[in-house]
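Visitor: work_35.cif is the file, holding mmCIF, C-alpha atoms and all ligand atoms:
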```cif
data_entry
loop_
_atom_site.label_atom_id
_atom_site.label_comp_id
_atom_site.auth_asym_id
_atom_site.auth_seq_id
_atom_site.Cartn_x
_atom_site.Cartn_y
_atom_site.Cartn_z
CA MET A 1 0.00 0.00 0.00
CA GLN A 2 1.23 3.49 -0.81
CA ASP A 3 2.35 5.51 2.20
CA GLN A 4 -0.17 8.33 2.73
CA GLN A 5 2.05 10.45 4.98
CA ALA A 6 3.68 13.62 3.70
CA GLY A 7 7.41 13.14 3.03
CA ILE A 8 9.35 16.30 3.90
CA ASP A 9 12.80 17.74 3.20
CA TRP A 10 13.70 21.08 4.78
CA ARG A 11 15.17 23.96 2.83
CA ASP A 12 16.47 27.33 4.11
CA GLY A 13 15.96 26.08 7.66
CA ASP A 14 12.20 25.71 7.99
CA VAL A 15 10.65 25.66 4.50
CA PRO A 16 9.18 22.21 3.93
CA VAL A 17 9.63 20.67 0.50
CA SER A 18 7.56 17.65 -0.52
CA THR A 19 9.69 14.63 -1.43
CA ARG A 20 6.66 13.14 -3.22
CA PHE A 21 6.05 16.19 -5.45
CA ASP A 22 9.49 17.85 -5.30
CA ASP A 23 7.90 21.24 -4.61
CA PRO A 24 7.93 23.63 -1.61
CA TYR A 25 4.75 23.95 0.49
CA PHE A 26 4.97 27.73 0.41
CA SER A 27 7.03 30.52 -1.11
CA LEU A 28 10.72 30.48 -0.29
CA GLU A 29 10.50 34.30 -0.27
CA ASP A 30 7.72 35.01 2.25
CA GLY A 31 4.98 32.41 2.51
CA LEU A 32 2.72 34.54 4.72
CA ALA A 33 2.91 37.56 2.40
CA GLU A 34 2.08 35.30 -0.53
CA THR A 35 -0.94 33.82 1.29
CA ARG A 36 -2.23 37.30 2.11
CA HIS A 37 -1.77 38.49 -1.45
CA VAL A 38 -3.03 35.45 -3.34
CA PHE A 39 -5.63 33.77 -1.18
CA LEU A 40 -6.96 36.55 1.07
CA ALA A 41 -6.81 39.61 -1.20
CA GLY A 42 -7.44 37.34 -4.22
CA ASN A 43 -10.83 36.44 -2.69
CA ASP A 44 -11.54 40.03 -1.50
CA LEU A 45 -10.91 39.08 2.12
CA PRO A 46 -11.31 40.25 4.82
CA ALA A 47 -13.90 42.61 3.24
CA ARG A 48 -16.38 39.77 2.49
CA PHE A 49 -16.18 38.10 5.89
CA ARG A 50 -19.48 37.60 7.76
CA ASP A 51 -20.62 35.14 10.41
CA GLY A 52 -20.49 31.63 8.90
CA PHE A 53 -18.33 32.66 5.93
CA HIS A 54 -17.00 29.42 4.46
CA ILE A 55 -13.49 29.08 3.06
CA ALA A 56 -12.58 25.80 1.38
CA GLU A 57 -9.08 24.81 0.35
CA LEU A 58 -7.48 22.25 -1.91
CA GLY A 59 -4.25 21.25 -0.16
CA PHE A 60 -3.97 21.85 3.61
CA GLY A 61 -0.23 21.28 3.85
CA THR A 62 1.29 23.08 6.83
CA GLY A 63 -1.84 24.94 7.91
CA LEU A 64 -0.28 28.31 7.01
CA ASN A 65 -3.33 29.44 5.01
CA LEU A 66 -5.68 28.49 7.84
CA LEU A 67 -3.60 30.45 10.36
CA ALA A 68 -3.43 33.48 8.07
CA ALA A 69 -7.19 33.38 7.44
CA LEU A 70 -8.04 33.01 11.13
CA ALA A 71 -5.65 35.86 11.99
CA ALA A 72 -7.43 38.05 9.42
CA TRP A 73 -10.83 36.97 10.78
CA ARG A 74 -9.82 37.92 14.34
CA ALA A 75 -8.32 41.21 13.21
CA ALA A 76 -11.62 42.03 11.47
CA GLY A 77 -13.34 41.79 14.89
CA LEU A 78 -16.52 40.11 13.63
CA ALA A 79 -18.91 38.16 15.79
CA GLY A 80 -19.53 34.49 15.02
CA ARG A 81 -17.49 31.81 13.34
CA LEU A 82 -15.26 31.38 10.35
CA VAL A 83 -15.93 28.03 8.70
CA TYR A 84 -12.86 26.52 7.02
CA THR A 85 -12.68 23.17 5.26
CA SER A 86 -9.49 21.82 3.75
CA PHE A 87 -8.95 18.77 1.53
CA GLU A 88 -5.65 16.95 1.97
CA ALA A 89 -4.43 13.60 0.63
CA PHE A 90 -1.15 13.39 2.56
CA PRO A 91 -1.54 15.04 5.98
CA MET A 92 1.66 16.36 7.55
CA ALA A 93 2.82 15.07 10.93
CA PRO A 94 1.96 17.61 13.67
CA THR A 95 5.66 18.10 14.52
CA ASP A 96 6.38 19.02 10.89
CA MET A 97 3.44 21.45 10.87
CA ARG A 98 4.80 23.16 13.98
CA ARG A 99 8.25 23.43 12.48
CA ALA A 100 6.95 24.91 9.24
CA GLN A 101 4.68 27.35 11.08
CA SER A 102 7.60 28.49 13.27
CA ARG A 103 8.87 30.40 10.24
CA PHE A 104 6.11 32.99 10.78
CA PRO A 105 6.55 34.85 14.10
CA ALA A 106 3.47 36.99 13.36
CA LEU A 107 1.35 33.82 13.64
CA ALA A 108 3.14 32.33 16.66
CA ALA A 109 0.32 32.85 19.17
CA LEU A 110 -2.27 31.31 16.85
CA ALA A 111 0.05 28.45 15.94
CA ALA A 112 0.54 27.69 19.65
CA GLU A 113 -3.21 27.86 20.30
CA LEU A 114 -4.00 25.33 17.56
CA ALA A 115 -0.97 23.08 18.10
CA PRO A 116 -2.57 20.80 20.71
CA HIS A 117 -5.39 20.03 18.27
CA TRP A 118 -3.36 18.58 15.39
CA THR A 119 -3.67 14.86 14.76
CA GLY A 120 -2.06 14.31 11.35
CA ARG A 121 -5.37 12.83 10.16
CA GLY A 122 -8.80 13.97 9.07
CA GLN A 123 -10.31 15.97 11.93
CA ARG A 124 -12.59 18.74 13.14
CA ILE A 125 -11.64 21.65 15.43
CA THR A 126 -14.36 23.79 16.97
CA LEU A 127 -13.41 27.02 18.72
CA PRO A 128 -15.66 29.97 19.62
CA ASP A 129 -14.68 31.67 16.35
CA LEU A 130 -13.66 28.73 14.13
CA ASP A 131 -15.27 25.62 12.71
CA PHE A 132 -12.46 23.76 10.95
CA THR A 133 -12.65 20.43 9.12
CA LEU A 134 -9.75 18.57 7.52
CA VAL A 135 -11.08 16.11 4.95
CA ALA A 136 -8.42 13.45 4.48
CA GLY A 137 -8.09 11.70 1.13
CA ASP A 138 -7.64 12.47 -2.53
CA ALA A 139 -9.67 15.60 -3.31
CA ARG A 140 -10.69 14.07 -6.63
CA GLU A 141 -12.75 11.59 -4.61
CA THR A 142 -13.60 13.40 -1.38
CA LEU A 143 -14.94 16.63 -2.89
CA GLU A 144 -17.77 14.85 -4.68
CA ALA A 145 -19.19 13.55 -1.41
CA TRP A 146 -18.88 16.90 0.38
CA PRO A 147 -22.35 18.30 1.08
CA HIS A 148 -21.42 22.02 1.30
CA ARG A 149 -20.72 25.09 -0.83
CA ALA A 150 -17.87 27.44 -0.02
CA ASP A 151 -17.92 31.23 -0.35
CA ALA A 152 -14.23 31.34 -1.23
CA TRP A 153 -11.79 28.71 -2.46
CA PHE A 154 -8.05 28.63 -1.90
CA LEU A 155 -6.70 26.48 -4.76
CA ASP A 156 -3.31 25.52 -3.37
CA GLY A 157 -2.10 22.25 -4.83
CA PHE A 158 1.56 21.94 -5.70
CA SER A 159 2.50 23.51 -9.02
CA PRO A 160 0.39 22.34 -11.97
CA ALA A 161 3.52 20.95 -13.63
CA LYS A 162 4.28 18.71 -10.63
CA ASN A 163 0.78 18.00 -9.28
CA PRO A 164 -1.50 18.14 -12.38
CA GLU A 165 -4.19 15.99 -10.76
CA MET A 166 -5.01 18.87 -8.36
CA TRP A 167 -5.84 21.19 -11.26
CA GLN A 168 -7.66 18.98 -13.74
CA PRO A 169 -10.87 20.30 -15.34
CA THR A 170 -13.09 17.69 -13.65
CA LEU A 171 -11.84 18.83 -10.23
CA MET A 172 -12.37 22.51 -11.17
CA ALA A 173 -15.94 21.54 -12.16
CA GLY A 174 -16.31 19.95 -8.72
CA VAL A 175 -15.05 23.16 -7.13
CA ALA A 176 -17.68 25.15 -9.07
CA ARG A 177 -20.46 22.76 -7.97
CA HIS A 178 -19.31 23.36 -4.39
CA THR A 179 -19.23 27.15 -4.59
CA ALA A 180 -22.01 29.40 -3.33
CA LYS A 181 -23.66 31.81 -5.74
CA GLY A 182 -21.30 34.73 -6.35
CA GLY A 183 -18.50 32.83 -4.63
CA THR A 184 -14.87 33.11 -5.62
CA ALA A 185 -11.66 31.16 -6.04
CA ALA A 186 -8.05 32.27 -6.15
CA THR A 187 -4.75 30.63 -6.90
CA TYR A 188 -1.12 31.58 -7.30
CA THR A 189 -0.86 29.92 -10.70
CA ALA A 190 -1.81 31.51 -14.01
CA ALA A 191 -1.36 28.29 -15.99
CA GLY A 192 -3.57 28.35 -19.08
CA PHE A 193 -5.16 24.94 -18.55
CA VAL A 194 -6.15 25.89 -15.00
CA ARG A 195 -7.77 29.13 -16.19
CA ARG A 196 -9.57 27.27 -18.99
CA GLY A 197 -10.76 24.59 -16.55
CA LEU A 198 -12.21 27.24 -14.22
CA GLU A 199 -13.90 29.02 -17.15
CA ALA A 200 -15.39 25.78 -18.46
CA ALA A 201 -16.73 25.14 -14.95
CA GLY A 202 -18.67 28.42 -14.96
CA PHE A 203 -16.25 30.85 -13.35
CA SER A 204 -15.48 34.24 -14.78
CA VAL A 205 -11.68 34.32 -14.64
CA SER A 206 -9.24 37.22 -14.45
CA ARG A 207 -5.50 37.51 -14.16
CA GLY A 208 -3.95 39.74 -11.51
CA PRO A 209 -0.42 40.58 -10.44
CA GLY A 210 1.28 37.60 -8.85
CA TYR A 211 3.28 37.54 -5.66
CA GLY A 212 7.05 38.02 -5.70
CA ARG A 213 8.69 36.68 -8.81
CA LYS A 214 5.42 35.32 -10.21
CA ARG A 215 4.12 37.67 -12.85
CA HIS A 216 0.45 36.67 -12.63
CA MET A 217 -2.08 34.90 -10.43
CA THR A 218 -5.67 33.84 -11.10
CA ARG A 219 -8.91 35.10 -9.60
CA ALA A 220 -12.29 33.59 -10.41
CA ARG A 221 -15.92 34.44 -9.62
CA LEU A 222 -18.79 32.04 -10.13
CA THR A 223 -21.11 33.53 -12.66
CA GLY A 224 -22.71 30.37 -14.07
CA PRO A 225 -26.03 28.87 -12.91
C1 LIG B 1 1.30 23.68 -1.81
S1 LIG B 1 0.82 22.49 -0.66
C2 LIG B 1 -0.44 23.30 0.28
C3 LIG B 1 0.07 24.37 1.22
C4 LIG B 1 -0.93 24.74 2.27
N1 LIG B 1 -2.12 25.35 1.75
C5 LIG B 1 -0.34 25.51 3.42
O1 LIG B 1 -1.00 26.47 3.91
O2 LIG B 1 0.71 25.10 3.89
C6 LIG B 1 -0.15 21.36 -1.62
C7 LIG B 1 -0.89 20.31 -0.80
O3 LIG B 1 -1.74 19.55 -1.67
C8 LIG B 1 -1.74 18.20 -1.23
N2 LIG B 1 -2.21 17.34 -2.33
C9 LIG B 1 -1.55 16.98 -3.46
N3 LIG B 1 -2.34 16.21 -4.25
C10 LIG B 1 -3.54 16.09 -3.60
C11 LIG B 1 -4.77 15.45 -3.94
N4 LIG B 1 -4.94 14.76 -5.08
N5 LIG B 1 -5.81 15.56 -3.05
C12 LIG B 1 -5.67 16.27 -1.91
N6 LIG B 1 -4.51 16.91 -1.55
C13 LIG B 1 -3.47 16.82 -2.38
C14 LIG B 1 -0.30 17.98 -0.84
O4 LIG B 1 -0.16 16.86 0.02
C15 LIG B 1 0.05 19.31 -0.16
O5 LIG B 1 -0.18 19.26 1.22
#
```
Just give me the structure as structure tokens.
Guide:
Amino acid sequence: MQDQQAGIDWRDGDVPVSTRFDDPYFSLEDGLAETRHVFLAGNDLPARFRDGFHIAELGFGTGLNLLAALAAWRAAGLAGRLVYTSFEAFPMAPTDMRRAQSRFPALAALAAELAPHWTGRGQRITLPDLDFTLVAGDARETLEAWPHRADAWFLDGFSPAKNPEMWQPTLMAGVARHTAKGGTAATYTAAGFVRRGLEAAGFSVSRGPGYGRKRHMTRARLTGP
């Protein structure tokens, strides 16, 4: 049976690199700045936050995007809960998550608060302001059975060249079917086949400035039925 754990090499101290996909989990420049630019601003967050706002993510990895989103939610000072669901085929060991998260001092308090909850498996965490679910398994299978629609998607598989299964048109169609009316998606990649897959799924797609050395990123809004 294939090992379903994440295999990690470390680069520049605490940047995890997947041995399975030969790709870093987040930007070697500044992962937190990239998350804020691509996934938060790319989905018009925090401006759209409201009680029960639902973020869904393809590729949970280190939990950096969750921490950044929850930090933005708390900074926005809203009442109620952020709902966050992430799909992950190869969950990281909790010790590796902690090590990766240690790279971001601005998130240290949040990282420490969530640390006791991590299991390295599918799980749910309920806090007064967070309802988090990690759906373990291949997103190409688990998304179909998911009975919810997200307001904003963080499409964060490894690069399309190295992890094409996370970007295939049928999965983008699944993302569209699981997006609320007027909902959005954002990703760091501007690969043509990803943009075309999102368009074919019913999203209206635009290209924006990318983070760091990446020239472009992709933003999408569901305009179809
Ligand atoms: C770039 S990393 C995600 C980084 C993450 N969002 C973070 O905040 O650290 C991509 C993730 O996608 C996961 N992945 C790759 N193929 C997958 C698949 N078919 N289904 C679900 N997850 C997958 C990898 O295991 C990895 O954790």
Visitor: Taking all atoms listed in the file into account, produce a table as CSV in which each residue of chain A with an atom at most 7 Å from an atom of ligand LIG 1 (chain B) appears once, together with its shortest atom pair and the distance in Å to one decimal, ordered by chain and rising number.
Guide:
```
residue,atom,partner,partner_atom,distance
A:Ala6,CA,B:LIG1,O4,6.2
A:Pro24,CA,B:LIG1,C1,6.6
A:Tyr25,CA,B:LIG1,C1,4.2
A:Phe26,CA,B:LIG1,C1,5.9
A:Leu58,CA,B:LIG1,N6,6.1
A:Gly59,CA,B:LIG1,O3,3.4
A:Phe60,CA,B:LIG1,N1,4.4
A:Gly61,CA,B:LIG1,O5,3.3
A:Thr62,CA,B:LIG1,O2,3.6
A:Gly63,CA,B:LIG1,O1,4.4
A:Leu64,CA,B:LIG1,O1,3.7
A:Asn65,CA,B:LIG1,O1,3.9
A:Leu66,CA,B:LIG1,O1,6.4
A:Phe87,CA,B:LIG1,C12,5.4
A:Glu88,CA,B:LIG1,N6,3.7
A:Ala89,CA,B:LIG1,C12,3.9
A:Phe90,CA,B:LIG1,O4,4.4
A:Pro91,CA,B:LIG1,O4,6.4
A:Gly137,CA,B:LIG1,C12,6.0
A:Asp138,CA,B:LIG1,N5,3.6
A:Ala139,CA,B:LIG1,N5,3.9
A:Arg140,CA,B:LIG1,N4,6.0
A:Asp156,CA,B:LIG1,C2,5.1
A:Gly157,CA,B:LIG1,C6,3.9
A:Phe158,CA,B:LIG1,C1,4.3
A:Asn163,CA,B:LIG1,N3,6.2
A:Glu165,CA,B:LIG1,N4,5.9
A:Met166,CA,B:LIG1,N4,5.3
```
Visitor: Provide the CA of Phe193 (chain A) to CA of Arg20 (chain A) distance in Å, to one decimal place.
Guide: 22.7 Å
Visitor: Given only C-alpha atoms as the basis, pick out the residue of A:Ala191, A:Ala200, A:Val135, A:Ala161 nearest to Asp22 (chain A).
Guide: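 Checking each candidate against Asp22 (chain A), we get A:Ala161 as the closest.
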Visitor: Leu78 (chain A): which residues within 10 Å, counting only C-alpha atoms, same-chain residues fewer than 3 positions away excluded, as an mmCIF file with C-alpha atoms, in the coordinates of the input?
Guide:
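Produced file part.cif, reproduced below:
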```
data_model
loop_
_atom_site.group_PDB
_atom_site.id
_atom_site.type_symbol
_atom_site.label_atom_id
_atom_site.label_comp_id
_atom_site.auth_asym_id
_atom_site.auth_seq_id
_atom_site.Cartn_x
_atom_site.Cartn_y
_atom_site.Cartn_z
ATOM 1 C CA PHE A 49 -16.180 38.100 5.890
ATOM 2 C CA ARG A 50 -19.480 37.600 7.760
ATOM 3 C CA ASP A 51 -20.620 35.140 10.410
ATOM 4 C CA TRP A 73 -10.830 36.970 10.780
ATOM 5 C CA ARG A 74 -9.820 37.920 14.340
ATOM 6 C CA ALA A 75 -8.320 41.210 13.210
ATOM 7 C CA ARG A 81 -17.490 31.810 13.340
ATOM 8 C CA LEU A 82 -15.260 31.380 10.350
ATOM 9 C CA ASP A 129 -14.680 31.670 16.350
#
```
Visitor: Identify which of the residues A:Ala72, A:Ala41, A:Ala100, A:Ala173 lies closest to Ser27 (chain A), counting only C-alpha atoms when measuring atom-to-atom distances.
Guide: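 Among A:Ala72, A:Ala41, A:Ala100, A:Ala173, it is A:Ala100 that comes nearest to Ser27 (chain A).
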Visitor: Which one is closest to Thr35 (chain A): A:Ala68, A:Phe53, A:Pro209, A:Ala152? Count all atoms listed in the file.
Guide: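 Smallest distance to Thr35 (chain A) is found for A:Ala68.
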Visitor: Fewer than 3 positions away in the same chain doesn't count, so skip those; otherwise give me all residues within 12 Å of Arg196 (chain A), counting all atoms listed in the file, as a ChimeraX atom specification.
Guide: /A:167-170,172-173,190-193,199-206,218,220
Visitor: Distance cut-off 6 Å, centre (1.2, 25.8, -10.9) in file coordinates, counting all atoms listed in the file: which residues qualify? Return them as a list of chain:residue names.
Guide: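 These residues have at least one counted atom within 6 Å: A:Ser159, A:Pro160, A:Thr189.
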Visitor: Here is a test: counting all atoms listed in the file, which residue of A:Asp96, A:Glu29, A:Glu144, A:Asp151 is nearest to Leu45 (chain A)?
Guide: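 Selected residue with least distance to Leu45 (chain A): A:Asp151.
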Visitor: Determine the nearest neighbour of Leu198 (chain A) from the options A:Gly174, A:His216, A:Gly182, A:Leu28, counting all atoms listed in the file.
Guide: A:Gly174
